[in-house]
>>> print(open('work-v8.tsv').read())   # TSV, C-alpha atoms
chain	number	residue	atom	x	y	z
U	495	MET	CA	-189.33	11.58	10.83
U	496	SER	CA	-187.07	14.64	11.09
U	497	GLU	CA	-187.93	17.52	13.42
U	498	SER	CA	-189.85	20.48	12.05
U	499	PHE	CA	-190.05	24.20	12.74
U	500	GLU	CA	-193.07	26.45	12.15
U	501	LEU	CA	-192.88	29.96	10.73
U	502	GLU	CA	-195.91	32.25	10.77
U	503	ILE	CA	-195.16	34.72	8.03
U	504	PHE	CA	-196.74	38.11	7.37
U	505	ARG	CA	-198.24	38.13	3.89
U	506	TYR	CA	-199.52	41.14	2.02
U	507	CYS	CA	-200.06	41.50	-1.70
U	508	PRO	CA	-201.45	44.97	-2.51
U	509	GLU	CA	-202.99	43.75	-5.81
U	510	GLN	CA	-205.03	41.04	-4.06
U	511	ASP	CA	-205.33	41.82	-0.33
U	512	THR	CA	-206.93	44.75	1.41
U	513	GLU	CA	-205.50	43.62	4.74
U	514	PRO	CA	-202.39	41.61	5.55
U	515	PHE	CA	-202.64	38.10	7.05
U	516	PHE	CA	-200.33	35.46	8.53
U	517	LYS	CA	-199.59	32.17	6.78
U	518	SER	CA	-197.96	29.19	8.51
U	519	TYR	CA	-195.19	27.12	6.95
U	520	GLU	CA	-193.51	23.96	8.27
U	521	VAL	CA	-189.83	23.63	7.46
U	522	PRO	CA	-187.24	21.05	8.58
U	523	PHE	CA	-185.43	22.03	11.77
U	524	ARG	CA	-181.65	22.10	11.41
U	525	GLU	CA	-179.24	23.13	14.17
U	526	ASP	CA	-177.15	25.30	11.86
U	527	TRP	CA	-180.04	27.08	10.14
U	528	VAL	CA	-180.76	30.74	10.67
U	529	VAL	CA	-184.23	32.24	10.13
U	530	LEU	CA	-183.17	33.37	6.64
U	531	ASP	CA	-182.31	29.76	5.70
U	532	ALA	CA	-185.82	28.71	6.70
U	533	ILE	CA	-187.35	31.55	4.65
U	534	ASN	CA	-185.18	30.63	1.67
U	535	TYR	CA	-186.39	27.03	2.04
U	536	ILE	CA	-190.02	28.22	1.93
U	537	LYS	CA	-189.31	30.32	-1.17
U	538	ASP	CA	-187.47	27.48	-2.97
U	539	GLU	CA	-189.55	24.45	-1.89
U	540	ILE	CA	-192.99	25.51	-0.64
U	541	ASP	CA	-194.20	28.91	-1.82
U	542	GLY	CA	-192.36	30.82	-4.53
U	543	THR	CA	-194.64	33.85	-4.16
U	544	LEU	CA	-193.09	34.90	-0.85
U	545	SER	CA	-191.22	38.21	-1.22
U	546	TYR	CA	-188.37	39.43	1.01
U	547	ARG	CA	-184.95	41.07	0.80
U	548	TRP	CA	-181.63	39.41	1.44
U	549	SER	CA	-178.15	39.43	0.03
U	550	CYS	CA	-174.90	38.60	1.81
U	551	ARG	CA	-176.11	36.10	4.45
U	552	MET	CA	-173.26	37.15	6.74
U	553	GLY	CA	-174.44	40.22	8.68
U	554	VAL	CA	-172.77	42.76	6.43
U	555	CYS	CA	-175.25	44.01	3.84
U	556	GLY	CA	-178.08	44.84	6.28
U	557	SER	CA	-180.80	43.69	3.83
U	558	CYS	CA	-182.52	40.89	5.74
U	559	GLY	CA	-183.83	42.82	8.78
U	560	MET	CA	-187.25	41.57	9.91
U	561	MET	CA	-189.31	41.40	13.08
U	562	VAL	CA	-188.86	37.94	14.61
U	563	ASN	CA	-191.31	37.36	17.45
U	564	GLY	CA	-191.73	41.14	17.69
U	565	GLU	CA	-188.01	41.93	17.87
U	566	PRO	CA	-186.00	43.54	15.08
U	567	LYS	CA	-183.38	41.01	13.93
U	568	LEU	CA	-181.00	40.39	11.08
U	569	THR	CA	-182.49	37.07	9.99
U	570	CYS	CA	-179.11	35.85	8.76
U	571	SER	CA	-177.83	36.04	12.36
U	572	ALA	CA	-180.89	34.70	14.21
U	573	PHE	CA	-180.55	30.93	14.70
U	574	LEU	CA	-183.62	28.67	14.74
U	575	LYS	CA	-182.14	26.76	17.70
U	576	ASP	CA	-182.47	29.94	19.81
U	577	TYR	CA	-186.27	29.62	19.59
U	578	PRO	CA	-186.95	26.47	21.66
U	579	SER	CA	-190.72	26.63	21.14
U	580	ARG	CA	-189.94	25.69	17.48
U	581	LYS	CA	-192.36	28.35	16.30
U	582	ILE	CA	-191.75	31.96	15.32
U	583	ARG	CA	-193.67	34.85	13.83
U	584	VAL	CA	-191.91	36.81	11.09
U	585	GLU	CA	-193.05	40.29	10.07
U	586	PRO	CA	-191.54	43.18	8.10
U	587	LEU	CA	-189.59	45.74	10.16
U	588	GLN	CA	-192.16	47.81	12.05
U	589	GLY	CA	-192.65	51.51	11.52
U	590	PHE	CA	-192.28	51.35	7.74
U	591	PRO	CA	-194.97	51.11	5.04
U	592	VAL	CA	-195.12	47.56	3.71
U	593	GLU	CA	-194.91	47.12	-0.07
U	594	ARG	CA	-195.33	43.34	-0.27
U	595	ASP	CA	-194.96	40.50	2.25
U	596	LEU	CA	-191.73	41.19	4.16
U	597	ILE	CA	-190.58	44.03	1.90
U	598	PHE	CA	-191.00	47.56	3.23
U	599	GLU	CA	-190.48	50.96	1.68
U	600	MET	CA	-187.03	52.41	2.39
U	601	ASP	CA	-187.46	55.78	0.66
U	602	ASP	CA	-187.98	57.75	3.87
U	603	PHE	CA	-184.74	56.45	5.40
U	604	MET	CA	-182.78	57.00	2.18
U	605	ASN	CA	-184.03	60.60	1.96
U	606	LYS	CA	-183.07	61.26	5.57
U	607	LEU	CA	-179.66	59.74	5.01
U	608	THR	CA	-179.11	62.12	2.09
U	609	GLU	CA	-180.30	65.10	4.15
U	610	VAL	CA	-177.63	64.64	6.84
U	611	LYS	CA	-174.82	64.67	4.23
U	612	PRO	CA	-172.97	61.54	5.38
U	613	TYR	CA	-169.67	62.32	3.68
U	614	LEU	CA	-166.61	64.48	4.35
U	615	LEU	CA	-167.27	68.16	3.82
U	616	ARG	CA	-164.65	70.90	3.72
U	617	LYS	CA	-165.18	74.62	4.04
U	618	GLU	CA	-165.03	76.53	0.79
U	619	GLY	CA	-161.43	77.24	-0.14
U	620	GLU	CA	-160.05	74.80	2.43
U	621	GLU	CA	-159.96	71.68	0.27
U	622	LYS	CA	-156.44	70.37	-0.22
U	623	PRO	CA	-155.26	70.06	-3.81
U	624	LEU	CA	-155.00	66.39	-4.84
U	625	GLU	CA	-151.22	66.58	-5.26
U	626	GLU	CA	-150.84	67.43	-1.55
U	627	GLY	CA	-152.16	63.99	-0.63
U	628	GLU	CA	-154.61	62.76	2.01
U	629	TYR	CA	-155.91	64.52	5.08
U	630	LEU	CA	-153.91	62.84	7.82
U	631	GLN	CA	-155.48	61.60	11.03
U	632	SER	CA	-154.05	60.08	14.21
U	633	PRO	CA	-155.36	56.78	15.66
U	634	ALA	CA	-156.68	58.79	18.64
U	635	GLU	CA	-158.71	61.00	16.28
U	636	LEU	CA	-160.03	57.90	14.51
U	637	ALA	CA	-161.11	56.41	17.85
U	638	HIS	CA	-163.52	59.33	18.39
U	639	TYR	CA	-165.87	58.25	15.58
U	640	LYS	CA	-164.85	54.73	14.50
U	641	GLN	CA	-167.77	53.07	16.29
U	642	TYR	CA	-170.25	55.05	14.16
U	643	THR	CA	-168.61	53.93	10.90
U	644	LEU	CA	-169.79	50.37	11.55
U	645	CYS	CA	-173.43	51.12	10.64
U	646	ILE	CA	-174.71	48.85	7.84
U	647	ASN	CA	-177.99	50.77	7.31
U	648	CYS	CA	-180.04	47.71	8.28
U	649	MET	CA	-182.72	49.95	9.87
U	650	LEU	CA	-183.26	47.67	12.88
U	651	CYS	CA	-182.78	50.80	15.01
U	652	TYR	CA	-185.74	52.51	13.31
U	653	ALA	CA	-187.90	49.42	13.87
U	654	ALA	CA	-186.98	49.46	17.58
U	655	CYS	CA	-187.75	53.16	18.02
U	656	PRO	CA	-191.30	53.86	19.25
U	657	ILE	CA	-190.82	57.56	18.48
U	658	TYR	CA	-190.25	56.82	14.78
U	659	ALA	CA	-193.29	54.51	14.74
U	660	LEU	CA	-195.42	57.29	16.25
U	661	ASP	CA	-193.97	60.13	14.18
U	662	SER	CA	-192.11	59.24	11.00
U	663	SER	CA	-190.88	62.82	10.57
U	664	PHE	CA	-188.18	61.97	13.17
U	665	VAL	CA	-184.81	61.89	11.40
U	666	GLY	CA	-184.07	58.70	13.32
U	667	PRO	CA	-181.18	56.85	14.95
U	668	ALA	CA	-179.02	55.64	12.05
U	669	ALA	CA	-179.12	58.90	10.08
U	670	ILE	CA	-178.17	60.93	13.18
U	671	ALA	CA	-175.43	58.44	14.14
U	672	LEU	CA	-173.98	58.75	10.64
U	673	ALA	CA	-174.10	62.54	10.80
U	674	GLN	CA	-172.31	62.33	14.15
U	675	ARG	CA	-169.73	59.99	12.56
U	676	TYR	CA	-168.73	62.82	10.20
U	677	ASN	CA	-169.15	65.60	12.78
U	678	LEU	CA	-166.59	63.85	15.00
U	679	ASP	CA	-164.15	63.22	12.14
U	680	SER	CA	-161.14	65.55	12.44
U	681	ARG	CA	-160.97	65.86	8.63
U	682	ASP	CA	-164.55	67.11	8.34
U	683	GLN	CA	-165.71	70.75	8.50
U	684	GLY	CA	-169.37	70.28	7.62
U	685	ARG	CA	-171.01	70.23	11.06
U	686	ASN	CA	-172.77	73.58	10.55
U	687	GLN	CA	-174.28	72.31	7.30
U	688	ARG	CA	-175.67	69.22	9.05
U	689	GLN	CA	-176.96	71.12	12.08
U	690	GLU	CA	-179.99	72.45	10.22
U	691	VAL	CA	-181.37	68.90	10.05
U	692	ILE	CA	-179.75	67.42	13.15
U	693	ALA	CA	-180.66	70.21	15.60
U	694	SER	CA	-184.18	70.66	14.21
U	695	HIS	CA	-187.25	69.57	16.14
U	696	GLU	CA	-187.47	66.46	13.93
U	697	GLY	CA	-183.81	65.74	14.66
U	698	ILE	CA	-182.16	65.07	18.00
U	699	TRP	CA	-184.83	66.83	20.09
U	700	GLU	CA	-187.50	64.36	18.99
U	701	CYS	CA	-185.53	61.56	20.68
U	702	THR	CA	-186.65	60.74	24.22
U	703	PHE	CA	-183.77	58.32	24.84
U	704	VAL	CA	-185.68	55.06	24.94
U	705	GLY	CA	-182.35	53.43	24.06
U	706	GLU	CA	-183.72	50.36	22.24
U	707	CYS	CA	-182.03	51.44	18.99
U	708	SER	CA	-178.67	50.67	20.60
U	709	VAL	CA	-179.89	47.39	22.11
U	710	VAL	CA	-180.96	45.93	18.75
U	711	CYS	CA	-178.01	47.27	16.72
U	712	PRO	CA	-176.15	44.22	15.33
U	713	LYS	CA	-172.92	46.21	14.97
U	714	ASP	CA	-172.84	47.94	18.41
U	715	VAL	CA	-172.96	51.36	16.77
U	716	ASP	CA	-174.88	52.79	19.75
U	717	PRO	CA	-177.01	55.37	17.92
U	718	ALA	CA	-178.70	56.39	21.19
U	719	ALA	CA	-175.34	57.59	22.49
U	720	ALA	CA	-174.66	59.44	19.23
U	721	ILE	CA	-177.96	61.31	19.56
U	722	GLN	CA	-177.38	62.25	23.22
U	723	ARG	CA	-173.85	63.46	22.43
U	724	ALA	CA	-175.25	65.57	19.59
U	725	LYS	CA	-177.75	67.04	22.07
U	726	VAL	CA	-174.90	68.05	24.40
U	727	SER	CA	-172.97	69.68	21.51
U	728	SER	CA	-176.07	71.53	20.28
U	729	THR	CA	-176.85	72.77	23.79
U	730	LEU	CA	-173.27	74.08	24.12
U	731	ASP	CA	-173.70	75.80	20.73
U	732	TRP	CA	-176.82	77.50	22.04
U	733	PHE	CA	-175.04	78.70	25.20
U	734	LYS	CA	-172.09	79.98	23.17
U	735	GLU	CA	-174.46	81.82	20.87
U	736	MET	CA	-176.19	83.40	23.88
U	737	MET	CA	-172.92	84.45	25.51
U	738	ILE	CA	-171.07	85.50	22.34
U	739	PRO	CA	-173.75	86.25	19.69
U	740	ARG	CA	-171.16	86.68	16.94
U	741	SER	CA	-169.82	83.14	17.47
U	742	LYS	CA	-172.60	81.64	15.27
U	743	GLY	CA	-171.26	79.70	12.33
U	744	LYS	CA	-167.67	79.67	13.55
S	1490	MET	CA	-198.14	51.70	-5.15
S	1491	THR	CA	-200.54	50.86	-2.30
S	1492	THR	CA	-198.67	50.22	0.90
S	1493	TYR	CA	-199.80	48.98	4.29
S	1494	ARG	CA	-198.79	50.73	7.50
S	1495	LYS	CA	-199.39	48.90	10.77
S	1496	PRO	CA	-201.23	51.22	13.17
S	1497	VAL	CA	-199.56	51.97	16.51
S	1498	SER	CA	-201.83	51.19	19.43
S	1499	ASN	CA	-202.21	53.49	22.42
S	1500	THR	CA	-200.82	50.71	24.60
S	1501	TRP	CA	-197.58	50.33	22.61
S	1502	TRP	CA	-195.62	50.94	25.82
S	1503	LEU	CA	-197.17	47.87	27.44
S	1504	GLU	CA	-196.13	45.61	24.56
S	1505	SER	CA	-192.47	45.31	25.51
S	1506	LYS	CA	-190.55	45.39	28.78
S	1507	PRO	CA	-188.00	48.04	27.71
S	1508	TYR	CA	-190.77	50.36	26.49
S	1509	PHE	CA	-192.60	49.89	29.78
S	1510	PHE	CA	-189.54	50.74	31.88
S	1511	PHE	CA	-188.84	53.73	29.64
S	1512	VAL	CA	-192.35	55.10	30.30
S	1513	ILE	CA	-191.90	54.46	34.04
S	1514	ARG	CA	-188.62	56.41	33.92
S	1515	GLU	CA	-190.37	59.32	32.21
S	1516	PHE	CA	-193.32	59.09	34.62
S	1517	THR	CA	-191.04	59.32	37.66
S	1518	SER	CA	-189.85	62.74	36.45
S	1519	LEU	CA	-193.26	64.05	37.61
S	1520	PHE	CA	-192.26	63.13	41.16
S	1521	VAL	CA	-188.91	64.88	40.77
S	1522	ALA	CA	-190.60	68.06	39.52
S	1523	GLY	CA	-193.41	67.75	42.09
S	1524	TYR	CA	-191.03	67.38	45.01
S	1525	CYS	CA	-188.94	70.35	43.85
S	1526	LEU	CA	-192.12	72.44	43.78
S	1527	PHE	CA	-193.11	71.15	47.22
S	1528	LEU	CA	-189.68	72.08	48.66
S	1529	LEU	CA	-189.84	75.60	47.22
S	1530	VAL	CA	-193.33	76.20	48.64
S	1531	PHE	CA	-192.27	74.64	51.97
S	1532	ILE	CA	-189.23	76.90	52.30
S	1533	ALA	CA	-191.25	80.01	51.36
S	1534	LYS	CA	-193.98	79.17	53.90
S	1535	ALA	CA	-191.53	78.14	56.62
S	1536	GLY	CA	-189.89	81.55	56.38
S	1537	ASP	CA	-193.13	83.36	57.28
S	1538	SER	CA	-192.89	82.97	61.06
S	1539	GLN	CA	-191.60	80.77	63.86
S	1540	GLU	CA	-195.11	79.32	64.36
S	1541	ALA	CA	-195.52	78.53	60.65
S	1542	TYR	CA	-192.16	76.75	60.72
S	1543	ALA	CA	-193.16	74.66	63.75
S	1544	THR	CA	-196.54	73.74	62.20
S	1545	LEU	CA	-194.94	72.67	58.92
S	1546	ILE	CA	-192.33	70.54	60.70
S	1547	LEU	CA	-195.12	68.86	62.65
S	1548	SER	CA	-197.11	68.22	59.46
S	1549	LEU	CA	-194.07	66.48	57.97
S	1550	LYS	CA	-194.27	63.91	60.75
S	1551	SER	CA	-197.87	62.93	59.96
S	1552	PRO	CA	-198.48	59.38	58.60
S	1553	ILE	CA	-199.80	60.73	55.26
S	1554	SER	CA	-196.70	62.86	54.82
S	1555	MET	CA	-194.46	59.90	55.68
S	1556	VAL	CA	-196.22	57.66	53.12
S	1557	LEU	CA	-196.08	60.35	50.41
S	1558	HIS	CA	-192.39	60.95	51.14
S	1559	LEU	CA	-191.67	57.23	50.90
S	1560	ILE	CA	-193.47	56.96	47.54
S	1561	SER	CA	-191.70	60.07	46.21
S	1562	PHE	CA	-188.34	58.82	47.48
S	1563	THR	CA	-188.78	55.46	45.70
S	1564	PHE	CA	-189.68	57.07	42.36
S	1565	ILE	CA	-186.98	59.75	42.62
S	1566	LEU	CA	-184.41	57.08	43.47
S	1567	TYR	CA	-185.51	55.05	40.42
S	1568	HIS	CA	-185.29	58.18	38.26
S	1569	ALA	CA	-181.81	59.07	39.54
S	1570	ILE	CA	-180.41	55.54	39.17
S	1571	THR	CA	-181.72	55.07	35.61
S	1572	TRP	CA	-180.22	58.39	34.53
S	1573	PHE	CA	-176.92	57.78	36.31
S	1574	ASN	CA	-176.66	54.46	34.49
S	1575	LEU	CA	-177.24	56.24	31.18
S	1576	THR	CA	-174.56	58.89	31.83
S	1577	PRO	CA	-171.72	56.93	30.13
S	1578	LYS	CA	-173.68	57.04	26.88
S	1579	ILE	CA	-173.77	60.82	26.99
S	1580	MET	CA	-170.29	61.40	28.43
S	1581	VAL	CA	-167.97	59.59	26.05
S	1582	LEU	CA	-164.39	60.36	27.06
S	1583	HIS	CA	-161.20	59.15	25.47
S	1584	LEU	CA	-157.70	58.89	26.85
S	1585	GLY	CA	-155.69	58.81	23.65
S	1586	GLU	CA	-157.07	55.93	21.62
S	1587	GLU	CA	-158.72	54.25	24.60
S	1588	ARG	CA	-162.28	55.00	25.64
S	1589	ILE	CA	-162.70	55.50	29.38
S	1590	PRO	CA	-164.81	52.50	30.56
S	1591	ASN	CA	-168.51	53.09	31.16
S	1592	ALA	CA	-168.26	51.67	34.69
S	1593	LEU	CA	-165.68	54.30	35.63
S	1594	ILE	CA	-167.87	57.18	34.42
S	1595	ALA	CA	-171.01	55.81	36.10
S	1596	GLY	CA	-168.94	55.07	39.23
S	1597	ALA	CA	-167.71	58.68	39.34
S	1598	VAL	CA	-171.29	59.91	39.15
S	1599	TYR	CA	-172.41	57.61	41.98
S	1600	LEU	CA	-169.40	58.68	44.05
S	1601	SER	CA	-170.22	62.38	43.52
S	1602	TRP	CA	-173.84	61.63	44.47
S	1603	GLY	CA	-172.69	59.96	47.69
S	1604	VAL	CA	-170.33	62.81	48.59
S	1605	VAL	CA	-172.98	65.51	47.95
S	1606	SER	CA	-175.56	63.51	49.94
S	1607	LEU	CA	-173.12	63.16	52.86
S	1608	ILE	CA	-172.35	66.91	52.85
S	1609	ILE	CA	-176.06	67.80	52.78
S	1610	SER	CA	-176.82	65.27	55.56
S	1611	TRP	CA	-173.99	66.71	57.66
S	1612	LEU	CA	-175.25	70.28	57.09
S	1613	ILE	CA	-178.82	69.36	58.10
S	1614	LEU	CA	-178.17	66.89	60.90
S	1615	GLY	CA	-174.80	67.80	62.32
S	1616	GLY	CA	-173.84	71.25	61.07
>>> encode(input="work-v8.tsv", output="structure tokens")
Amino acid sequence: MSESFELEIFRYCPEQDTEPFFKSYEVPFREDWVVLDAINYIKDEIDGTLSYRWSCRMGVCGSCGMMVNGEPKLTCSAFLKDYPSRKIRVEPLQGFPVERDLIFEMDDFMNKLTEVKPYLLRKEGEEKPLEEGEYLQSPAELAHYKQYTLCINCMLCYAACPIYALDSSFVGPAAIALAQRYNLDSRDQGRNQRQEVIASHEGIWECTFVGECSVVCPKDVDPAAAIQRAKVSSTLDWFKEMMIPRSKGK
Amino acid sequence: MTTYRKPVSNTWWLESKPYFFFVIREFTSLFVAGYCLFLLVFIAKAGDSQEAYATLILSLKSPISMVLHLISFTFILYHAITWFNLTPKIMVLHLGEERIPNALIAGAVYLSWGVVSLIISWLILGG
């Protein structure tokens, strides 16, 4: 008989259940299977009612983030063979409201992402006409923010952040890292527009530098560093404003 | 749509090792603040008179004072080391396209710490 692997999966159907529960499934154990393969097997062969998100299966789309044994993981990159007890518990990413089974509501994150304006902004009247071509940038200027461009919006960082779990008004790691990505871009002039959200109490100052967001990030974006760097810049802004009151907005 | 939100327990910081060490790091800041306060009061009192100075110095040598100093020193050391190790995350420096390695930044902080400690020790003990 082939070896098996047990998955205890969080189930919640709002039309039927008042409380969530865990259901166990036995799947075949295969060396080359990731957790997502096992969940796909359950969906295809055992229980078609199981709901979850996934797409690319190669660590790019950021859709298949779940809690595996209490840790936020991209299930397409978490191998079954790395769990020698041959048993795991799979839950939706923590800190978010659960809609059904392993699917959670993403609206809060999407709204926050929109609020920080994660795109190039130019000051009024300083946009280059199209015929003048691109805004040029040196490799050294690119190096300042490149790391933050790697974010795939998987939200593992939010699931790892106890501050977000305790107070969901916190703008959160990925949104701040993306704001910082544009703030550090030499072609961008929109930092002042983002500051209203970033430097607010719900922004960088809510972060107590637990640092787990950076530990779980599958793309080494290091959102914790982005937040601390934004704190330094905002503190310098405050000092400048105190010393030269008319410097605000420059 | 009805959604379910998992409640956060009051013991969330005991549920994972990194959360626990984070809370310990924050807790040790009380010892940093407390010892700063103690030093300020000590200096103010010691300046009152020669006798007050002598009495305070003697009280520092008591077993209770020694134990409290040892506890404070341990926590303050833990606090300092954890923050020094986090410095490279806050101080991101580039030399052209290359990022200055984290170990170099943390090393510079430890070196500065050592130099300042040596100067202060020399001022107190040998100066």
>>> closest_residue(input="work-v8.tsv", among="U:Leu644, U:Ala668, U:Val592, U:Val691", to="chain S", atoms="all atoms listed in the file")
U:Val592
>>> closest_atom_pairs(input="work-v8.tsv", of="chain S", to="chain U", cutoff="6 Å", atoms="only C-alpha atoms", output="Markdown table")
| residue | atom | partner | partner_atom | distance |
| --- | --- | --- | --- | --- |
| S:Thr1491 | CA | U:Pro508 | CA | 6.0 |
| S:Thr1492 | CA | U:Glu593 | CA | 5.0 |
| S:Tyr1493 | CA | U:Val592 | CA | 4.9 |
| S:Arg1494 | CA | U:Pro591 | CA | 4.6 |
| S:Phe1511 | CA | U:Val704 | CA | 5.8 |
| S:Lys1578 | CA | U:Ala719 | CA | 4.7 |
| S:Ile1579 | CA | U:Arg723 | CA | 5.3 |
| S:Gly1585 | CA | U:Ala634 | CA | 5.1 |
| S:Glu1586 | CA | U:Ala634 | CA | 4.1 |
>>> atom_distance(input="work-v8.tsv", atom1="atom CA of Arg1514 of chain S", atom2="atom CA of Thr1571 of chain S")
7.2 Å
>>> closest_residue(input="work-v8.tsv", among="U:Val584, U:Val665, U:Leu568, U:Val554", to="Lys606 of chain U", atoms="all atoms listed in the file")
U:Val665
>>> residues_around(input="work-v8.tsv", residues="Leu544 of chain U", least_positions_apart="2", cutoff="10 Å", atoms="all atoms listed in the file", output="list in words")
Ile503, Phe504, Arg505, Tyr506, Cys507, Ile533, Asn534, Ile536, Lys537, Asp538, Ile540, Asp541, Gly542, Tyr546, Arg594, Asp595, Leu596 and Ile597 of chain U
>>> write_last_selection(input="work-v8.tsv", atoms="C-alpha atoms", output="PDB file, in the coordinates of the input")
ATOM      1  CA  ILE U 503    -195.160  34.720   8.030  1.00  0.00           C
ATOM      2  CA  PHE U 504    -196.740  38.110   7.370  1.00  0.00           C
ATOM      3  CA  ARG U 505    -198.240  38.130   3.890  1.00  0.00           C
ATOM      4  CA  TYR U 506    -199.520  41.140   2.020  1.00  0.00           C
ATOM      5  CA  CYS U 507    -200.060  41.500  -1.700  1.00  0.00           C
ATOM      6  CA  ILE U 533    -187.350  31.550   4.650  1.00  0.00           C
ATOM      7  CA  ASN U 534    -185.180  30.630   1.670  1.00  0.00           C
ATOM      8  CA  ILE U 536    -190.020  28.220   1.930  1.00  0.00           C
ATOM      9  CA  LYS U 537    -189.310  30.320  -1.170  1.00  0.00           C
ATOM     10  CA  ASP U 538    -187.470  27.480  -2.970  1.00  0.00           C
ATOM     11  CA  ILE U 540    -192.990  25.510  -0.640  1.00  0.00           C
ATOM     12  CA  ASP U 541    -194.200  28.910  -1.820  1.00  0.00           C
ATOM     13  CA  GLY U 542    -192.360  30.820  -4.530  1.00  0.00           C
ATOM     14  CA  TYR U 546    -188.370  39.430   1.010  1.00  0.00           C
ATOM     15  CA  ARG U 594    -195.330  43.340  -0.270  1.00  0.00           C
ATOM     16  CA  ASP U 595    -194.960  40.500   2.250  1.00  0.00           C
ATOM     17  CA  LEU U 596    -191.730  41.190   4.160  1.00  0.00           C
ATOM     18  CA  ILE U 597    -190.580  44.030   1.900  1.00  0.00           C
TER      19      ILE U 597
END
>>> closest_residue(input="work-v8.tsv", among="U:Ser708, U:Asp511, U:Arg583, U:Arg685", to="Ser727 of chain U", atoms="all atoms listed in the file")
U:Arg685
>>> residues_around(input="work-v8.tsv", residues="Tyr652 of chain U", least_positions_apart="4", cutoff="7 Å", atoms="all atoms listed in the file", output="PyMOL selection string")
chain U and resi 658+666-667+707
>>> write_last_selection(input="work-v8.tsv", atoms="C-alpha atoms", output="PDB file, keeping the file's coordinate frame")
ATOM      1  CA  TYR U 658    -190.250  56.820  14.780  1.00  0.00           C
ATOM      2  CA  GLY U 666    -184.070  58.700  13.320  1.00  0.00           C
ATOM      3  CA  PRO U 667    -181.180  56.850  14.950  1.00  0.00           C
ATOM      4  CA  CYS U 707    -182.030  51.440  18.990  1.00  0.00           C
TER       5      CYS U 707
END
>>> atom_distance(input="work-v8.tsv", atom1="atom CA of Leu1607 of chain S", atom2="atom CA of Thr1517 of chain S")
23.8 Å
>>> residues_around(input="work-v8.tsv", residues="Trp527 of chain U", least_positions_apart="6", cutoff="8 Å", atoms="only C-alpha atoms", output="PyMOL selection string")
chain U and resi 573-575
>>> atom_distance(input="work-v8.tsv", atom1="atom CA of Val528 of chain U", atom2="atom CA of Ala572 of chain U")
5.3 Å
>>> axis_aligned_box(input="work-v8.tsv", around="segment 1542-1554 of chain S", padding_each_side="6 Å", output="lines of an AutoDock Vina configuration file")
center_x = -196.0
center_y = 68.1
center_z = 59.3
size_x = 19.6
size_y = 29.4
size_z = 20.9
>>> residues_near_point(input="work-v8.tsv", point="(-178.5, 74.7, 12.4)", cutoff="12 Å", atoms="only C-alpha atoms", output="VMD selection string")
chain U and resid 610 684 to 695 697 to 698 727 to 729 731 to 732 735 742 to 744
>>> closest_residue(input="work-v8.tsv", among="S:Ala1541, S:Ala1533, S:Val1581, S:Met1555", to="Leu678 of chain U", atoms="all atoms listed in the file")
S:Val1581
